[in-house]
>>> print(open('data_3.txt').read())   # compact mmCIF, C-alpha atoms
# COMPACT_ATOMS: atom_id res chain seq x y z
CA MET L 1 0.00 0.00 0.00
CA ARG L 2 1.31 3.43 -0.97
CA VAL L 3 -0.11 6.54 0.66
CA ALA L 4 0.65 10.18 -0.10
CA ALA L 5 0.43 12.64 2.80
CA LEU L 6 -0.33 16.24 1.84
CA TYR L 7 -0.29 18.74 4.69
CA ASP L 8 -0.71 22.48 5.14
CA ILE L 9 -1.90 23.39 1.66
CA HIS L 10 -3.22 26.77 2.85
CA GLY L 11 -5.14 27.53 -0.31
CA ASN L 12 -2.07 27.43 -2.55
CA LEU L 13 -3.74 25.85 -5.58
CA PRO L 14 -0.72 26.00 -7.95
CA ALA L 15 1.36 24.09 -5.39
CA LEU L 16 -1.38 21.50 -4.85
CA GLU L 17 -1.88 21.02 -8.58
CA ALA L 18 1.85 20.45 -9.08
CA VAL L 19 1.89 17.74 -6.40
CA LEU L 20 -1.24 16.07 -7.78
CA GLU L 21 0.28 16.08 -11.28
CA GLU L 22 3.32 14.29 -9.88
CA LEU L 23 1.09 11.81 -8.06
CA GLU L 24 -0.61 10.97 -11.36
CA GLN L 25 2.72 9.52 -12.48
CA LEU L 26 2.86 7.29 -9.42
CA THR L 27 0.57 4.55 -8.19
CA VAL L 28 -0.95 5.47 -4.83
CA ASP L 29 -3.72 3.66 -3.03
CA ALA L 30 -4.83 6.60 -0.89
CA ILE L 31 -4.10 10.20 0.00
CA VAL L 32 -4.19 11.70 3.48
CA VAL L 33 -4.84 15.44 3.61
CA GLY L 34 -3.41 16.31 6.99
CA GLY L 35 -5.12 19.59 7.79
CA ASP L 36 -4.91 23.29 6.98
CA VAL L 37 -6.42 23.22 3.54
CA LEU L 38 -8.04 26.52 4.55
CA SER L 39 -6.73 29.97 5.33
CA GLY L 40 -5.23 30.72 1.96
CA PRO L 41 -5.88 32.52 -1.31
CA MET L 42 -7.48 29.74 -3.40
CA GLU L 43 -9.00 27.48 -0.79
CA GLY L 44 -12.19 27.03 -2.81
CA GLY L 45 -10.21 25.78 -5.79
CA CYS L 46 -8.20 23.46 -3.56
CA ILE L 47 -11.37 21.97 -2.09
CA GLU L 48 -12.86 21.47 -5.55
CA ARG L 49 -9.67 19.79 -6.77
CA LEU L 50 -9.44 17.50 -3.76
CA ARG L 51 -13.09 16.51 -3.88
CA GLY L 52 -12.69 15.55 -7.52
CA LEU L 53 -9.92 13.00 -6.90
CA SER L 54 -10.64 9.41 -7.91
CA VAL L 55 -8.43 7.76 -5.26
CA PRO L 56 -9.63 7.41 -1.65
CA VAL L 57 -8.81 10.52 0.38
CA HIS L 58 -8.74 10.76 4.18
CA TYR L 59 -9.01 14.20 5.76
CA ILE L 60 -7.82 15.59 9.09
CA MET L 61 -8.82 18.93 10.53
CA GLY L 62 -5.97 21.34 11.19
CA ASN L 63 -5.83 24.34 13.48
CA SER L 64 -6.37 26.80 10.61
CA ASP L 65 -9.40 24.84 9.36
CA ARG L 66 -10.81 24.94 12.88
CA GLU L 67 -10.10 28.67 13.27
CA VAL L 68 -11.73 29.51 9.93
CA LEU L 69 -14.87 27.64 10.96
CA ALA L 70 -14.88 29.38 14.34
CA THR L 71 -14.43 32.79 12.71
CA ARG L 72 -17.26 32.01 10.31
CA HIS L 73 -19.51 31.47 13.33
CA GLY L 74 -18.42 34.68 15.04
CA ASN L 75 -15.95 33.05 17.46
CA GLU L 76 -12.77 34.79 16.37
CA ASN L 77 -9.60 33.89 18.26
CA ARG L 78 -8.42 37.24 19.62
CA LYS L 79 -5.16 35.74 20.85
CA LEU L 80 -3.95 35.53 17.26
CA PRO L 81 -2.01 38.43 15.69
CA GLN L 82 -3.91 40.92 13.55
CA PHE L 83 -2.62 39.66 10.19
CA ALA L 84 -3.70 36.10 11.06
CA ARG L 85 -7.19 37.26 12.05
CA GLU L 86 -7.52 39.18 8.77
CA ALA L 87 -6.60 36.06 6.81
CA LEU L 88 -9.09 33.96 8.76
CA ARG L 89 -11.88 36.49 8.18
CA TRP L 90 -11.14 36.55 4.47
CA SER L 91 -11.11 32.76 4.30
CA ALA L 92 -14.32 32.47 6.29
CA ARG L 93 -16.08 34.78 3.81
CA GLN L 94 -14.96 32.65 0.86
CA LEU L 95 -16.03 29.33 2.33
CA ALA L 96 -19.26 28.01 0.81
CA PRO L 97 -21.79 26.66 3.34
CA ALA L 98 -21.64 23.12 1.92
CA ASN L 99 -17.85 23.12 2.11
CA ALA L 100 -17.92 24.49 5.66
CA GLN L 101 -20.20 21.64 6.70
CA TRP L 102 -17.89 19.14 5.03
CA VAL L 103 -14.73 20.52 6.68
CA ALA L 104 -16.49 20.49 10.05
CA SER L 105 -16.89 16.71 9.70
CA TRP L 106 -13.14 16.04 9.44
CA PRO L 107 -11.68 14.06 12.36
CA LYS L 108 -8.63 15.05 14.41
CA THR L 109 -6.67 11.90 13.58
CA VAL L 110 -6.71 8.99 11.14
CA MET L 111 -5.12 5.56 11.67
CA LEU L 112 -4.19 3.40 8.66
CA GLN L 113 -2.46 0.05 8.37
CA ILE L 114 0.35 0.58 5.88
CA GLU L 115 2.83 -2.18 5.20
CA PRO L 116 5.63 -2.58 6.05
CA PHE L 117 5.16 -0.01 8.84
CA GLY L 118 2.09 -1.36 10.59
CA GLY L 119 -0.19 1.14 12.32
CA VAL L 120 0.40 4.68 11.05
CA LEU L 121 -1.33 7.51 12.89
CA PHE L 122 -1.89 10.76 11.03
CA CYS L 123 -2.44 13.92 13.08
CA HIS L 124 -2.03 17.61 12.36
CA ALA L 125 0.39 18.79 15.06
CA THR L 126 0.57 16.19 17.84
CA PRO L 127 -1.88 13.35 18.56
CA ARG L 128 -3.33 15.30 21.47
CA ASP L 129 -3.47 18.86 20.10
CA ASP L 130 -3.80 20.39 16.61
CA ASN L 131 -1.81 23.51 17.53
CA GLU L 132 1.05 22.07 19.59
CA ILE L 133 4.56 22.86 18.39
CA PHE L 134 7.60 20.64 18.33
CA THR L 135 10.52 20.42 15.91
CA VAL L 136 13.48 18.25 15.04
CA ARG L 137 15.28 19.96 17.96
CA THR L 138 12.67 19.39 20.67
CA ASP L 139 13.95 17.27 23.55
CA GLU L 140 12.94 13.63 23.11
CA ALA L 141 12.21 13.15 26.81
CA ARG L 142 9.45 15.77 26.64
CA LEU L 143 7.90 14.21 23.54
CA ALA L 144 8.12 10.47 24.25
CA PRO L 145 5.07 10.25 26.56
CA ILE L 146 2.91 11.98 23.93
CA PHE L 147 3.81 9.60 21.12
CA ASP L 148 4.32 6.34 23.04
CA ALA L 149 0.74 6.65 24.28
CA THR L 150 -0.62 6.31 20.73
CA GLY L 151 0.53 2.71 20.29
CA ALA L 152 1.37 3.51 16.65
CA GLU L 153 4.58 2.40 15.02
CA VAL L 154 4.70 5.60 12.96
CA VAL L 155 3.10 9.02 13.48
CA ILE L 156 2.81 11.46 10.58
CA CYS L 157 2.33 15.14 11.41
CA GLY L 158 2.65 18.61 9.91
CA HIS L 159 1.73 22.05 11.30
CA THR L 160 5.24 23.52 11.53
CA HIS L 161 5.79 23.45 7.74
CA MET L 162 9.23 21.81 8.12
CA GLN L 163 10.03 18.22 7.18
CA PHE L 164 11.87 15.83 9.47
CA ASP L 165 12.10 12.13 10.25
CA ARG L 166 13.14 11.15 13.80
CA MET L 167 12.67 8.52 16.48
CA ILE L 168 10.83 9.66 19.60
CA GLY L 169 10.86 6.95 22.23
CA LYS L 170 9.46 3.86 20.50
CA THR L 171 7.77 5.83 17.72
CA ARG L 172 9.03 6.99 14.36
CA VAL L 173 7.69 10.51 13.91
CA VAL L 174 7.74 12.11 10.47
CA ASN L 175 6.74 15.65 9.55
CA ALA L 176 5.39 15.74 5.99
CA GLY L 177 6.16 19.44 5.60
CA SER L 178 3.88 21.88 3.82
CA VAL L 179 2.54 21.75 0.28
CA GLY L 180 1.53 25.40 0.26
CA MET L 181 4.21 27.17 2.31
CA PRO L 182 7.28 25.16 3.36
CA PHE L 183 9.57 27.23 5.53
CA GLY L 184 13.15 27.68 4.41
CA ARG L 185 12.72 27.12 0.68
CA ARG L 186 10.27 27.42 -2.18
CA GLY L 187 8.47 24.42 -3.60
CA ALA L 188 5.80 22.03 -2.37
CA ASP L 189 6.79 19.53 0.31
CA TRP L 190 4.90 16.30 0.93
CA LEU L 191 5.39 12.66 1.91
CA LEU L 192 5.09 9.28 0.21
CA LEU L 193 4.75 6.16 2.38
CA GLY L 194 5.37 2.67 1.03
CA PRO L 195 7.55 0.76 0.70
CA GLU L 196 9.83 3.41 2.26
CA ILE L 197 9.15 6.76 3.91
CA ASP L 198 10.06 9.28 1.24
CA LEU L 199 10.13 13.00 2.04
CA ARG L 200 9.48 14.67 -1.28
CA ARG L 201 9.55 18.12 -2.81
CA THR L 202 7.81 19.27 -5.99
CA GLU L 203 8.84 22.37 -7.95
CA TYR L 204 6.27 24.65 -9.55
CA ASP L 205 6.12 28.01 -11.32
CA GLY L 206 6.38 30.51 -8.49
CA GLU L 207 5.91 33.61 -10.62
CA ARG L 208 2.70 32.27 -12.15
CA ALA L 209 1.51 31.36 -8.67
CA ARG L 210 2.34 34.86 -7.44
CA ARG L 211 0.20 36.43 -10.16
CA LEU L 212 -2.73 34.12 -9.45
CA ILE L 213 -2.52 34.72 -5.71
CA ALA L 214 -2.38 38.50 -6.18
CA GLU L 215 -5.61 38.37 -8.19
CA THR L 216 -7.55 36.79 -5.31
CA GLY L 217 -7.26 39.71 -2.90
CA PHE L 218 -6.06 37.46 -0.08
CA PRO L 219 -4.47 39.58 2.70
CA ARG L 220 -0.71 39.38 2.20
CA SER L 221 1.50 39.14 5.26
CA PRO L 222 5.20 40.02 4.98
CA GLU L 223 5.86 37.66 7.89
CA PHE L 224 4.34 34.61 6.21
CA ASP L 225 4.35 35.01 2.44
CA LEU L 226 3.32 31.76 0.74
CA LEU L 227 5.99 32.13 -1.92
CA ASP L 228 8.75 33.84 0.08
CA PRO L 229 8.87 31.77 3.24
CA PRO L 230 11.06 32.77 6.19
CA PRO L 231 14.42 30.98 6.62
CA ALA L 232 14.38 27.63 8.38
CA GLU L 233 16.75 28.78 11.11
CA LYS L 234 14.56 31.76 11.94
CA MET L 235 11.51 29.53 12.27
CA LEU L 236 13.36 26.99 14.43
CA GLU L 237 14.31 29.81 16.80
CA LEU L 238 10.72 31.07 16.95
CA TYR L 239 9.34 27.58 17.44
CA GLY L 240 11.86 26.93 20.20
CA LYS L 241 10.14 29.63 22.27
CA ALA L 242 6.71 28.04 21.78
CA GLU L 243 7.41 24.32 22.10
CA LEU L 244 4.61 22.21 23.62
CA LYS L 245 2.62 25.21 24.81
CA ARG L 246 -1.04 24.18 24.46
>>> encode(input="data_3.txt", output="structure tokens")
Amino acid sequence: MRVAALYDIHGNLPALEAVLEELEQLTVDAIVVGGDVLSGPMEGGCIERLRGLSVPVHYIMGNSDREVLATRHGNENRKLPQFAREALRWSARQLAPANAQWVASWPKTVMLQIEPFGGVLFCHATPRDDNEIFTVRTDEARLAPIFDATGAEVVICGHTHMQFDRMIGKTRVVNAGSVGMPFGRRGADWLLLGPEIDLRRTEYDGERARRLIAETGFPRSPEFDLLDPPPAEKMLELYGKAELKR
């Protein structure tokens, strides 16, 4: 069984299309969309593209999906910075009622049996929280109780937009990275499972994407530009100050 894991698309339709075009050249049995399809410039197009796929697709709700739905219902998270709230408001206005109802049905985790790995748990951030931060540098002793409790051989996550593959206690934990906005470099990052665990990166036309994104009117943040992501080292430093704060 081969499974593609696509995380943190954030409405970047050109990036998603590039990954799906690459997947058409491969044989995959299923796709896991690991959260944060929403809060981005072309989220409607991304939803339409995903819903039109012929292979089985499993969905997980991410923190941005949850926040967009909350904002849509008047429950804006005032702890978030202003630019993030503006993006969530914009996304909430674009979300069609039928799509909002569909996204609201997504679970927090998905467990699949994938040989030769055994039980593979897919979550957005950590198995217990969709907004919890940890990185390749986070102390293993702090993380082991979280992941050992799942009973999974492998846990696939995203949220921090940075790929890694590490052992945490008894569990192999792999971050699939971000399709729509990988930190540290341009491109679209994703993961292919079976028969190995393959961290992948797909190139796409950034200038064309920039033009399409500009046409949507999505609020642009200099801190988190989809196509000019901050350096990896900067993000690791920022994440280090927020590790495991729920």
>>> closest_residue(input="data_3.txt", among="L:Glu43, L:Asp29, L:Glu76, L:Glu153", to="Val57 (chain L)", atoms="all atoms listed in the file")
L:Asp29
>>> closest_residue(input="data_3.txt", among="L:Arg2, L:Arg51, L:Arg186, L:Arg201", to="Trp102 (chain L)", atoms="only C-alpha atoms")
L:Arg51
>>> residues_around(input="data_3.txt", residues="region 9-17 of chain L", least_positions_apart="2", cutoff="7 Å", atoms="all atoms listed in the file", output="list of chain:residue names")
L:Tyr7, L:Val19, L:Leu20, L:Glu21, L:Asp36, L:Val37, L:Leu38, L:Ser39, L:Gly40, L:Pro41, L:Met42, L:Glu43, L:Gly45, L:Cys46, L:Ser178, L:Val179, L:Gly180, L:Ala188, L:Tyr204, L:Ala209
>>> atom_distance(input="data_3.txt", atom1="CA of Thr171 (chain L)", atom2="CA of Val136 (chain L)")
13.9 Å
>>> closest_atom_pairs(input="data_3.txt", of="region 6-56 of chain L", to="region 111-126 of chain L", cutoff="10 Å", atoms="only C-alpha atoms", output="JSON lines")
{"residue": "L:Tyr7", "atom": "CA", "partner": "L:His124", "partner_atom": "CA", "distance": 7.9}
{"residue": "L:Asp8", "atom": "CA", "partner": "L:His124", "partner_atom": "CA", "distance": 8.8}
{"residue": "L:Val32", "atom": "CA", "partner": "L:Phe122", "partner_atom": "CA", "distance": 7.9}
{"residue": "L:Val33", "atom": "CA", "partner": "L:Phe122", "partner_atom": "CA", "distance": 9.3}
{"residue": "L:Gly34", "atom": "CA", "partner": "L:His124", "partner_atom": "CA", "distance": 5.7}
{"residue": "L:Gly35", "atom": "CA", "partner": "L:His124", "partner_atom": "CA", "distance": 5.9}
{"residue": "L:Asp36", "atom": "CA", "partner": "L:His124", "partner_atom": "CA", "distance": 8.3}
>>> atom_distance(input="data_3.txt", atom1="CA of Leu23 (chain L)", atom2="CA of Tyr59 (chain L)")
17.3 Å
>>> closest_residue(input="data_3.txt", among="L:Cys157, L:Met61, L:Ala144, L:Val110", to="Gly169 (chain L)", atoms="only C-alpha atoms")
L:Ala144
>>> atom_distance(input="data_3.txt", atom1="CA of Ala98 (chain L)", atom2="CA of Arg49 (chain L)")
15.2 Å
>>> residues_around(input="data_3.txt", residues="Ser105 (chain L)", least_positions_apart="4", cutoff="12 Å", atoms="all atoms listed in the file", output="PyMOL selection string")
chain L and resi 58-62+65-66+69+98-101+109
>>> closest_residue(input="data_3.txt", among="L:Thr27, L:Thr150, L:Thr135, L:Ser64", to="Asp165 (chain L)", atoms="only C-alpha atoms")
L:Thr135
>>> closest_residue(input="data_3.txt", among="L:Val3, L:Leu80, L:Val68, L:Leu88", to="Pro219 (chain L)", atoms="all atoms listed in the file")
L:Leu88
>>> closest_residue(input="data_3.txt", among="L:Ile47, L:Ile133, L:Ile168, L:Ala5", to="Ala149 (chain L)", atoms="all atoms listed in the file")
L:Ile168
>>> residues_around(input="data_3.txt", residues="Glu22 (chain L)", least_positions_apart="4", cutoff="8 Å", atoms="all atoms listed in the file", output="PDB file with C-alpha atoms, in the coordinates of the input")
ATOM      1  CA  ALA L  18       1.850  20.450  -9.080  1.00  0.00           C
ATOM      2  CA  LEU L  26       2.860   7.290  -9.420  1.00  0.00           C
ATOM      3  CA  THR L 202       7.810  19.270  -5.990  1.00  0.00           C
TER       4      THR L 202
END
>>> residues_around(input="data_3.txt", residues="Gly240 (chain L)", least_positions_apart="4", cutoff="10 Å", atoms="only C-alpha atoms", output="PyMOL selection string")
chain L and resi 133-135+137-138+234-236+244
>>> decode(input="data_3.txt", residues="region 48-90 of chain L", atoms="N, CA and C atoms", output="short mmCIF file (atom, residue, chain, number, x, y, z; two decimals), in the first residue's frame")
data_model
loop_
_atom_site.label_atom_id
_atom_site.label_comp_id
_atom_site.auth_asym_id
_atom_site.auth_seq_id
_atom_site.Cartn_x
_atom_site.Cartn_y
_atom_site.Cartn_z
N GLU L 48 -12.28 22.04 -4.34
CA GLU L 48 -12.86 21.47 -5.55
C GLU L 48 -11.94 20.42 -6.16
N ARG L 49 -10.64 20.73 -6.19
CA ARG L 49 -9.67 19.79 -6.77
C ARG L 49 -9.58 18.51 -5.93
N LEU L 50 -9.55 18.66 -4.63
CA LEU L 50 -9.44 17.50 -3.76
C LEU L 50 -10.70 16.63 -3.82
N ARG L 51 -11.84 17.27 -3.86
CA ARG L 51 -13.09 16.51 -3.88
C ARG L 51 -13.30 15.78 -5.20
N GLY L 52 -12.56 16.18 -6.22
CA GLY L 52 -12.69 15.55 -7.52
C GLY L 52 -11.73 14.39 -7.74
N LEU L 53 -10.89 14.07 -6.75
CA LEU L 53 -9.92 13.00 -6.90
C LEU L 53 -10.61 11.64 -6.95
N SER L 54 -10.04 10.73 -7.75
CA SER L 54 -10.64 9.41 -7.91
C SER L 54 -10.12 8.40 -6.88
N VAL L 55 -8.96 8.67 -6.27
CA VAL L 55 -8.43 7.76 -5.26
C VAL L 55 -9.06 8.08 -3.91
N PRO L 56 -9.11 7.12 -2.99
CA PRO L 56 -9.63 7.41 -1.65
C PRO L 56 -8.80 8.50 -0.96
N VAL L 57 -9.49 9.43 -0.32
CA VAL L 57 -8.81 10.52 0.38
C VAL L 57 -9.33 10.57 1.82
N HIS L 58 -8.42 10.60 2.77
CA HIS L 58 -8.74 10.76 4.18
C HIS L 58 -8.36 12.18 4.60
N TYR L 59 -9.24 12.82 5.36
CA TYR L 59 -9.01 14.20 5.76
C TYR L 59 -8.86 14.32 7.27
N ILE L 60 -8.02 15.26 7.68
CA ILE L 60 -7.82 15.59 9.09
C ILE L 60 -8.02 17.10 9.23
N MET L 61 -8.66 17.50 10.30
CA MET L 61 -8.82 18.93 10.53
C MET L 61 -7.57 19.51 11.17
N GLY L 62 -7.09 20.63 10.62
CA GLY L 62 -5.97 21.34 11.19
C GLY L 62 -6.42 22.55 11.98
N ASN L 63 -5.48 23.18 12.66
CA ASN L 63 -5.83 24.34 13.48
C ASN L 63 -6.39 25.49 12.65
N SER L 64 -5.85 25.71 11.44
CA SER L 64 -6.37 26.80 10.61
C SER L 64 -7.77 26.49 10.11
N ASP L 65 -8.03 25.23 9.75
CA ASP L 65 -9.40 24.84 9.36
C ASP L 65 -10.37 25.13 10.51
N ARG L 66 -9.97 24.73 11.70
CA ARG L 66 -10.81 24.94 12.88
C ARG L 66 -11.03 26.43 13.14
N GLU L 67 -9.98 27.23 13.00
CA GLU L 67 -10.10 28.67 13.27
C GLU L 67 -10.97 29.36 12.22
N VAL L 68 -10.87 28.93 10.97
CA VAL L 68 -11.73 29.51 9.93
C VAL L 68 -13.20 29.22 10.24
N LEU L 69 -13.49 27.99 10.62
CA LEU L 69 -14.87 27.64 10.96
C LEU L 69 -15.37 28.44 12.16
N ALA L 70 -14.49 28.60 13.16
CA ALA L 70 -14.88 29.38 14.34
C ALA L 70 -15.14 30.83 13.97
N THR L 71 -14.27 31.40 13.14
CA THR L 71 -14.43 32.79 12.71
C THR L 71 -15.73 32.95 11.93
N ARG L 72 -16.03 31.97 11.11
CA ARG L 72 -17.26 32.01 10.31
C ARG L 72 -18.50 32.06 11.20
N HIS L 73 -18.39 31.48 12.40
CA HIS L 73 -19.51 31.47 13.33
C HIS L 73 -19.40 32.57 14.39
N GLY L 74 -18.53 33.54 14.14
CA GLY L 74 -18.42 34.68 15.04
C GLY L 74 -17.58 34.44 16.27
N ASN L 75 -16.79 33.38 16.29
CA ASN L 75 -15.95 33.05 17.46
C ASN L 75 -14.48 33.27 17.13
N GLU L 76 -14.14 34.47 16.77
CA GLU L 76 -12.77 34.79 16.37
C GLU L 76 -11.80 34.63 17.54
N ASN L 77 -10.65 34.07 17.25
CA ASN L 77 -9.60 33.89 18.26
C ASN L 77 -8.80 35.17 18.40
N ARG L 78 -9.07 35.94 19.46
CA ARG L 78 -8.42 37.24 19.62
C ARG L 78 -7.00 37.14 20.15
N LYS L 79 -6.55 35.92 20.45
CA LYS L 79 -5.16 35.74 20.85
C LYS L 79 -4.22 35.75 19.66
N LEU L 80 -4.77 35.57 18.46
CA LEU L 80 -3.95 35.53 17.26
C LEU L 80 -3.56 36.95 16.85
N PRO L 81 -2.40 37.11 16.17
CA PRO L 81 -2.01 38.43 15.69
C PRO L 81 -2.98 38.96 14.63
N GLN L 82 -2.95 40.27 14.42
CA GLN L 82 -3.91 40.92 13.55
C GLN L 82 -3.88 40.35 12.14
N PHE L 83 -2.68 40.14 11.57
CA PHE L 83 -2.62 39.66 10.19
C PHE L 83 -3.24 38.27 10.07
N ALA L 84 -3.10 37.43 11.09
CA ALA L 84 -3.70 36.10 11.06
C ALA L 84 -5.22 36.19 11.13
N ARG L 85 -5.74 37.11 11.96
CA ARG L 85 -7.19 37.26 12.05
C ARG L 85 -7.78 37.78 10.74
N GLU L 86 -7.05 38.67 10.07
CA GLU L 86 -7.52 39.18 8.77
C GLU L 86 -7.60 38.06 7.75
N ALA L 87 -6.60 37.18 7.74
CA ALA L 87 -6.60 36.06 6.81
C ALA L 87 -7.74 35.11 7.11
N LEU L 88 -8.00 34.86 8.38
CA LEU L 88 -9.09 33.96 8.76
C LEU L 88 -10.44 34.55 8.37
N ARG L 89 -10.62 35.86 8.57
CA ARG L 89 -11.88 36.49 8.18
C ARG L 89 -12.10 36.37 6.68
N TRP L 90 -11.05 36.64 5.93
CA TRP L 90 -11.14 36.55 4.47
C TRP L 90 -11.52 35.13 4.05
#
